[in-house]
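Everything below belongs to protein_37.pdb, which stores PDB, C-alpha atoms.
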```pdb
ATOM      1  CA  MET A   1      22.330 -77.778 -24.425
ATOM      2  CA  HIS A   2      19.771 -76.382 -21.979
ATOM      3  CA  LEU A   3      17.435 -73.802 -23.533
ATOM      4  CA  ARG A   4      15.760 -71.263 -21.300
ATOM      5  CA  PRO A   5      12.039 -70.917 -21.972
ATOM      6  CA  LYS A   6      11.131 -67.865 -23.928
ATOM      7  CA  HIS A   7       8.770 -65.282 -22.367
ATOM      8  CA  PRO A   8       6.797 -62.632 -24.241
ATOM      9  CA  PRO A   9       8.054 -59.117 -23.714
ATOM     10  CA  ARG A  10       6.344 -57.306 -20.842
ATOM     11  CA  PRO A  11       4.389 -54.856 -23.027
ATOM     12  CA  LEU A  12       2.992 -57.817 -24.988
ATOM     13  CA  VAL A  13       1.937 -59.527 -21.778
ATOM     14  CA  SER A  14       0.055 -56.421 -20.687
ATOM     15  CA  LEU A  15      -1.667 -56.191 -24.039
ATOM     16  CA  LEU A  16      -2.754 -59.853 -23.914
ATOM     17  CA  LEU A  17      -4.169 -59.441 -20.410
ATOM     18  CA  THR A  18      -6.105 -56.346 -21.452
ATOM     19  CA  LEU A  19      -7.606 -58.135 -24.440
ATOM     20  CA  ALA A  20      -8.532 -61.158 -22.325
ATOM     21  CA  LEU A  21     -10.320 -59.009 -19.754
ATOM     22  CA  GLY A  22     -12.155 -57.146 -22.484
ATOM     23  CA  CYS A  23     -13.333 -60.383 -24.124
ATOM     24  CA  SER A  24     -14.537 -61.844 -20.848
ATOM     25  CA  GLY A  25     -16.631 -58.752 -20.091
ATOM     26  CA  SER A  26     -14.872 -58.211 -16.728
ATOM     27  CA  ALA A  27     -13.488 -54.779 -17.549
ATOM     28  CA  PRO A  28     -14.315 -52.128 -14.892
ATOM     29  CA  GLU A  29     -17.477 -50.107 -15.547
ATOM     30  CA  MET A  30     -17.679 -46.301 -15.457
ATOM     31  CA  GLU A  31     -18.814 -44.895 -12.139
ATOM     32  CA  PRO A  32     -22.278 -43.349 -12.111
ATOM     33  CA  PRO A  33     -22.446 -39.543 -11.784
ATOM     34  CA  GLU A  34     -23.885 -39.756  -8.265
ATOM     35  CA  ALA A  35     -20.780 -41.627  -7.124
ATOM     36  CA  LEU A  36     -18.576 -38.851  -8.481
ATOM     37  CA  ASP A  37     -20.758 -36.250  -6.762
ATOM     38  CA  SER A  38     -20.447 -37.996  -3.407
ATOM     39  CA  ARG A  39     -16.689 -38.210  -3.846
ATOM     40  CA  ALA A  40     -16.508 -34.482  -4.657
ATOM     41  CA  GLN A  41     -18.486 -33.714  -1.506
ATOM     42  CA  GLY A  42     -15.820 -35.548   0.425
ATOM     43  CA  LEU A  43     -13.334 -32.879  -0.708
ATOM     44  CA  ALA A  44     -15.300 -30.081   1.009
ATOM     45  CA  SER A  45     -13.753 -28.276   3.950
ATOM     46  CA  PRO A  46     -14.310 -29.876   7.357
ATOM     47  CA  PRO A  47     -16.983 -28.247   9.557
ATOM     48  CA  GLY A  48     -15.751 -24.950  10.975
ATOM     49  CA  LEU A  49     -13.058 -24.491   8.298
ATOM     50  CA  ALA A  50     -15.230 -23.555   5.310
ATOM     51  CA  PRO A  51     -15.227 -19.874   4.179
ATOM     52  CA  SER A  52     -18.065 -17.837   5.652
ATOM     53  CA  LEU A  53     -19.482 -14.325   5.315
ATOM     54  CA  VAL A  54     -18.142 -12.119   8.108
ATOM     55  CA  LYS A  55     -20.922  -9.534   7.989
ATOM     56  CA  ASP A  56     -23.368  -8.131   5.416
ATOM     57  CA  LEU A  57     -22.652  -4.417   5.781
ATOM     58  CA  GLN A  58     -24.589  -3.192   2.747
ATOM     59  CA  VAL A  59     -27.944  -4.954   2.625
ATOM     60  CA  GLY A  60     -29.313  -4.875  -0.912
ATOM     61  CA  ALA A  61     -28.029  -2.588  -3.685
ATOM     62  CA  ASP A  62     -25.295  -0.041  -2.988
ATOM     63  CA  PRO A  63     -26.747   3.431  -3.756
ATOM     64  CA  TYR A  64     -23.226   4.852  -3.984
ATOM     65  CA  ARG A  65     -22.235   2.578  -6.872
ATOM     66  CA  GLY A  66     -25.543   2.157  -8.726
ATOM     67  CA  SER A  67     -28.895   0.469  -8.294
ATOM     68  CA  ASN A  68     -27.636  -2.827  -9.734
ATOM     69  CA  GLU A  69     -24.468  -3.025  -7.661
ATOM     70  CA  LYS A  70     -24.579  -5.079  -4.482
ATOM     71  CA  GLY A  71     -22.030  -5.319  -1.709
ATOM     72  CA  SER A  72     -20.197  -2.897   0.554
ATOM     73  CA  TRP A  73     -16.661  -3.280  -0.735
ATOM     74  CA  SER A  74     -14.815  -0.756  -2.916
ATOM     75  CA  ALA A  75     -11.903  -1.611  -5.217
ATOM     76  CA  LYS A  76      -9.429   0.333  -3.086
ATOM     77  CA  PRO A  77      -7.789   0.540  -0.656
ATOM     78  CA  ALA A  78      -6.505  -2.886   0.320
ATOM     79  CA  PRO A  79      -7.039  -3.723   4.013
ATOM     80  CA  VAL A  80      -4.147  -3.486   6.459
ATOM     81  CA  VAL A  81      -3.723  -5.688   9.518
ATOM     82  CA  ILE A  82      -2.413  -4.738  12.946
ATOM     83  CA  GLY A  83      -2.308  -7.628  15.371
ATOM     84  CA  SER A  84      -5.556  -9.548  14.922
ATOM     85  CA  VAL A  85      -7.556  -6.611  13.522
ATOM     86  CA  ALA A  86      -7.977  -5.656   9.859
ATOM     87  CA  TYR A  87      -8.822  -2.094   8.827
ATOM     88  CA  PHE A  88     -10.655  -1.359   5.591
ATOM     89  CA  GLN A  89     -13.001   1.001   3.746
ATOM     90  CA  ALA A  90     -16.594  -0.077   3.125
ATOM     91  CA  SER A  91     -20.103   1.313   2.870
ATOM     92  CA  ASP A  92     -23.264   0.539   4.753
ATOM     93  CA  GLU A  93     -26.867   1.727   4.351
ATOM     94  CA  SER A  94     -26.478   5.071   6.110
ATOM     95  CA  ASN A  95     -22.828   6.185   6.232
ATOM     96  CA  GLY A  96     -21.401   5.887   2.718
ATOM     97  CA  ARG A  97     -17.877   4.538   2.277
ATOM     98  CA  GLU A  98     -16.043   5.010   5.546
ATOM     99  CA  PHE A  99     -13.353   3.595   7.832
ATOM    100  CA  TRP A 100     -14.082   0.153   9.340
ATOM    101  CA  ARG A 101     -12.367  -2.533  11.382
ATOM    102  CA  THR A 102     -12.912  -6.259  11.961
ATOM    103  CA  ASP A 103     -11.476  -9.108  13.992
ATOM    104  CA  GLY A 104     -13.103 -11.623  11.661
ATOM    105  CA  THR A 105     -16.355 -11.973  13.607
ATOM    106  CA  PRO A 106     -19.742 -10.256  13.024
ATOM    107  CA  GLU A 107     -19.772  -8.696  16.489
ATOM    108  CA  GLY A 108     -16.167  -7.538  16.062
ATOM    109  CA  THR A 109     -16.880  -5.708  12.793
ATOM    110  CA  TRP A 110     -17.875  -2.075  13.151
ATOM    111  CA  LEU A 111     -17.515   1.445  11.763
ATOM    112  CA  VAL A 112     -14.513   3.137  13.362
ATOM    113  CA  LYS A 113     -15.459   6.677  12.392
ATOM    114  CA  ASP A 114     -17.752   8.441   9.933
ATOM    115  CA  LEU A 115     -15.174  10.882   8.564
ATOM    116  CA  LEU A 116     -17.746  12.700   6.438
ATOM    117  CA  PRO A 117     -20.901  12.565   8.596
ATOM    118  CA  GLY A 118     -24.100  11.420   6.930
ATOM    119  CA  PRO A 119     -24.488   9.531   3.655
ATOM    120  CA  ALA A 120     -21.484  11.215   1.974
ATOM    121  CA  SER A 121     -18.531   8.945   1.243
ATOM    122  CA  SER A 122     -14.919   9.605   2.152
ATOM    123  CA  THR A 123     -12.142   8.701  -0.263
ATOM    124  CA  PHE A 124      -8.735   7.394   0.717
ATOM    125  CA  HIS A 125      -6.808   5.372  -1.801
ATOM    126  CA  GLU A 126      -4.410   3.552   0.475
ATOM    127  CA  LEU A 127      -4.153   2.483   4.115
ATOM    128  CA  VAL A 128      -0.696   2.234   5.663
ATOM    129  CA  ALA A 129       0.183   0.563   8.972
ATOM    130  CA  VAL A 130       3.154   1.935  10.906
ATOM    131  CA  GLY A 131       3.588   0.252  14.254
ATOM    132  CA  ASP A 132       0.141   0.125  15.880
ATOM    133  CA  THR A 133      -1.242   3.080  13.909
ATOM    134  CA  VAL A 134      -3.085   3.293  10.570
ATOM    135  CA  TYR A 135      -2.402   6.290   8.323
ATOM    136  CA  PHE A 136      -4.410   7.431   5.323
ATOM    137  CA  LEU A 137      -4.945  10.492   3.138
ATOM    138  CA  LEU A 138      -8.496  11.804   3.127
ATOM    139  CA  GLN A 139      -9.078  13.336  -0.312
ATOM    140  CA  GLU A 140     -12.175  15.363   0.535
ATOM    141  CA  ASN A 141     -11.980  18.919   1.923
ATOM    142  CA  GLY A 142      -8.709  19.533   0.150
ATOM    143  CA  GLY A 143      -6.945  16.402   1.303
ATOM    144  CA  ALA A 144      -5.206  15.813   4.614
ATOM    145  CA  LEU A 145      -3.181  13.165   6.420
ATOM    146  CA  TRP A 146      -5.072  11.241   9.110
ATOM    147  CA  LYS A 147      -4.111   8.594  11.640
ATOM    148  CA  SER A 148      -6.082   6.088  13.714
ATOM    149  CA  ASP A 149      -5.481   3.812  16.668
ATOM    150  CA  GLY A 150      -8.654   1.860  15.824
ATOM    151  CA  THR A 151     -11.008   3.957  17.961
ATOM    152  CA  ALA A 152     -13.294   6.841  17.001
ATOM    153  CA  ALA A 153     -11.599   9.182  19.481
ATOM    154  CA  GLY A 154      -8.174   8.094  18.267
ATOM    155  CA  THR A 155      -8.948   8.712  14.582
ATOM    156  CA  ILE A 156      -7.731  12.262  14.078
ATOM    157  CA  LEU A 157      -6.303  14.691  11.557
ATOM    158  CA  LEU A 158      -2.520  14.491  11.785
ATOM    159  CA  ARG A 159      -1.701  17.389   9.504
ATOM    160  CA  ASP A 160      -3.060  19.220   6.515
ATOM    161  CA  VAL A 161       0.204  19.920   4.723
ATOM    162  CA  VAL A 162      -1.467  22.550   2.550
ATOM    163  CA  PRO A 163      -4.462  24.014   4.437
ATOM    164  CA  GLY A 164      -7.430  24.820   2.245
ATOM    165  CA  SER A 165      -8.814  23.410  -0.959
ATOM    166  CA  GLN A 166      -5.475  22.663  -2.658
ATOM    167  CA  GLY A 167      -4.924  19.535  -0.604
ATOM    168  CA  SER A 168      -1.756  18.118   0.859
ATOM    169  CA  GLY A 169      -0.683  15.913  -2.036
ATOM    170  CA  VAL A 170       0.597  13.260   0.356
ATOM    171  CA  ASP A 171       1.655  10.077  -1.439
ATOM    172  CA  THR A 172       0.720   7.301   0.974
ATOM    173  CA  SER A 173       2.194   4.723  -1.401
ATOM    174  CA  ALA A 174       5.611   6.147  -0.516
ATOM    175  CA  PHE A 175       5.272   5.601   3.250
ATOM    176  CA  VAL A 176       8.122   3.712   4.890
ATOM    177  CA  PRO A 177       8.688   3.138   8.647
ATOM    178  CA  VAL A 178      12.002   4.474   9.919
ATOM    179  CA  GLY A 179      13.518   3.635  13.280
ATOM    180  CA  PRO A 180      12.045   1.775  16.249
ATOM    181  CA  HIS A 181       9.693   4.468  17.592
ATOM    182  CA  GLY A 182       6.990   4.717  14.934
ATOM    183  CA  ALA A 183       8.667   7.377  12.790
ATOM    184  CA  PHE A 184       8.093   7.205   9.052
ATOM    185  CA  ALA A 185       9.040   8.995   5.843
ATOM    186  CA  PHE A 186       6.772   9.845   2.935
ATOM    187  CA  ALA A 187       6.455  12.077  -0.125
ATOM    188  CA  ALA A 188       4.250  15.158  -0.033
ATOM    189  CA  ALA A 189       3.622  18.360  -1.973
ATOM    190  CA  SER A 190       3.431  21.448   0.199
ATOM    191  CA  GLY A 191       2.261  23.770  -2.581
ATOM    192  CA  VAL A 192       5.395  25.864  -2.120
ATOM    193  CA  THR A 193       8.313  23.484  -2.595
ATOM    194  CA  GLY A 194       6.710  20.824  -4.778
ATOM    195  CA  VAL A 195       6.783  17.096  -3.980
ATOM    196  CA  GLU A 196       9.604  16.499  -1.496
ATOM    197  CA  LEU A 197      10.670  14.142   1.302
ATOM    198  CA  TRP A 198       8.756  14.482   4.564
ATOM    199  CA  VAL A 199       9.116  12.762   7.924
ATOM    200  CA  SER A 200       6.804  12.267  10.890
ATOM    201  CA  ASP A 201       6.914  10.871  14.402
ATOM    202  CA  GLY A 202       3.116  10.499  14.427
ATOM    203  CA  THR A 203       2.434  13.953  15.866
ATOM    204  CA  SER A 204       1.377  17.129  14.115
ATOM    205  CA  ALA A 205       4.404  19.040  15.416
ATOM    206  CA  GLY A 206       6.729  16.231  14.372
ATOM    207  CA  THR A 207       5.418  16.080  10.800
ATOM    208  CA  ARG A 208       7.643  18.231   8.614
ATOM    209  CA  GLN A 209       9.480  18.474   5.340
ATOM    210  CA  LEU A 210      12.928  16.963   5.740
ATOM    211  CA  ALA A 211      14.641  18.650   2.800
ATOM    212  CA  ASP A 212      13.950  20.652  -0.350
ATOM    213  CA  VAL A 213      15.956  18.415  -2.698
ATOM    214  CA  ALA A 214      14.783  20.238  -5.841
ATOM    215  CA  ARG A 215      15.075  23.875  -4.828
ATOM    216  CA  GLY A 216      12.105  26.175  -5.084
ATOM    217  CA  ALA A 217       8.804  25.116  -6.561
ATOM    218  CA  MET A 218      10.321  22.210  -8.507
ATOM    219  CA  SER A 219       9.461  18.681  -7.349
ATOM    220  CA  ALA A 220      12.103  16.080  -6.521
ATOM    221  CA  SER A 221       9.284  13.469  -6.438
ATOM    222  CA  PRO A 222      11.022  10.957  -4.135
ATOM    223  CA  THR A 223      10.058   7.330  -4.760
ATOM    224  CA  LEU A 224      11.239   3.811  -3.883
ATOM    225  CA  LEU A 225      11.854   4.752  -0.242
ATOM    226  CA  THR A 226      13.906   1.982   1.381
ATOM    227  CA  VAL A 227      15.533   1.700   4.800
ATOM    228  CA  SER A 228      18.865  -0.087   5.184
ATOM    229  CA  GLY A 229      20.892   0.097   8.372
ATOM    230  CA  PRO A 230      21.129   3.693   9.630
ATOM    231  CA  ARG A 231      20.116   5.245   6.321
ATOM    232  CA  LEU A 232      17.015   5.922   4.248
ATOM    233  CA  PHE A 233      17.523   5.555   0.489
ATOM    234  CA  PHE A 234      15.245   7.077  -2.138
ATOM    235  CA  VAL A 235      15.224   8.001  -5.824
ATOM    236  CA  ALA A 236      14.776  11.701  -6.610
ATOM    237  CA  ASP A 237      15.478  14.361  -9.234
ATOM    238  CA  GLU A 238      16.964  17.617  -7.978
ATOM    239  CA  GLY A 239      16.765  19.209 -11.440
ATOM    240  CA  GLU A 240      20.369  18.712 -12.529
ATOM    241  CA  HIS A 241      21.285  15.005 -12.598
ATOM    242  CA  GLY A 242      17.908  13.466 -13.360
ATOM    243  CA  ARG A 243      16.495  10.657 -11.245
ATOM    244  CA  GLU A 244      19.324   9.283  -9.106
ATOM    245  CA  LEU A 245      19.791   7.501  -5.774
ATOM    246  CA  TRP A 246      19.871   9.654  -2.629
ATOM    247  CA  SER A 247      20.227   8.803   1.055
ATOM    248  CA  VAL A 248      19.931  10.394   4.472
ATOM    249  CA  LYS A 249      20.776   9.179   7.984
ATOM    250  CA  HIS A 250      18.053   8.443  10.514
ATOM    251  CA  ALA A 251      19.484  11.120  12.797
ATOM    252  CA  ALA A 252      18.056  13.745  10.455
ATOM    253  CA  PHE A 253      14.584  12.562  11.477
ATOM    254  CA  GLN A 254      14.960  13.830  15.009
ATOM    255  CA  LYS A 255      13.001  16.940  15.931
ATOM    256  CA  ARG A 256      14.804  20.164  15.273
TER
END
```

Take the structure in the file and give it back as structure tokens.
Amino acid sequence: MHLRPKHPPRPLVSLLLTLALGCSGSAPEMEPPEALDSRAQGLASPPGLAPSLVKDLQVGADPYRGSNEKGSWSAKPAPVVIGSVAYFQASDESNGREFWRTDGTPEGTWLVKDLLPGPASSTFHELVAVGDTVYFLLQENGGALWKSDGTAAGTILLRDVVPGSQGSGVDTSAFVPVGPHGAFAFAAASGVTGVELWVSDGTSAGTRQLADVARGAMSASPTLLTVSGPRLFFVADEGEHGRELWSVKHAAFQKR
């Protein structure tokens, strides 16, 4: 009878080889720290692709945030991008926190407009891009809705919904573009009808309250504005059914 030679199981073979290498002193040595450092340097970004500072707008401490605070950036609002240009709020040494733009280069980063001239800072909590226009609510001087095309001359007051110190109460977080021609809907408090649904075509004359969903001074407080097909959907409370889903056709946005 022919007997096949017996072989050690594979795990046993591996163990024997490991022991033999250890006894012979040929086991691999640990790499020196400098070798690890050189390898880590090889993981760095290639030239021209590493992150870089765009521009130091606020040199030294920021006097608007405290003597120990450096940098020009505020927590809000988040930048918005139109084409290859980003719009943001930042402070420099002479203008306070204002409205800036950048194309990602030092020479392409500049102050669009000093909304509150001098060292005073303007406050707008959100920037919204609709088409090729940036909209924001300026809180100072009562609050008002502004728009900008990225130039100083084109950064203008669109409408103060409630003229005077009461402010417009525009909720820029509820902006939503509607239709192909730059129209948009948003929530605003007029001071007379409460927070209701407003629409705008980007002009002062075309910025108006669309409907008084909660009659009188009550607020419907429309939220979750969403466009689907020919209709705008939103959640509102008219004072009888609680917060429910409402909708309106785009045709209602046309000038009356």

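This file, queried with the PyMOL selection byres ((chain A and resi 118-120) around 7), gives the residues Ser94, Asn95, Gly96, Leu116, Pro117, Ser121 and Ser122 of chain A.
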
Apply the PyMOL selection byres ((chain A and resi 194) around 10) to the structure shown and report the selected residues as a PyMOL selection string.
chain A and resi 169+187-193+195-197+212-221

Exercise: Arg243 in chain A partners within 10 Å, only C-alpha atoms, chain neighbours under 4 positions left out, as a list of chain:residue names
A:Ala220, A:Ser221, A:Pro222, A:Thr223, A:Phe234, A:Val235, A:Ala236, A:Asp237, A:Glu238, A:Gly239

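Of note, CA of Leu57 in chain A and CA of Leu145 in chain A are spaced 26.2 Å apart.
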
Please determine, counting only C-alpha atoms, which residue among A:Ala211, A:Val54, A:Val199, A:Val81 has the shortest atom-to-atom distance to Ala174 in chain A.
A:Val199
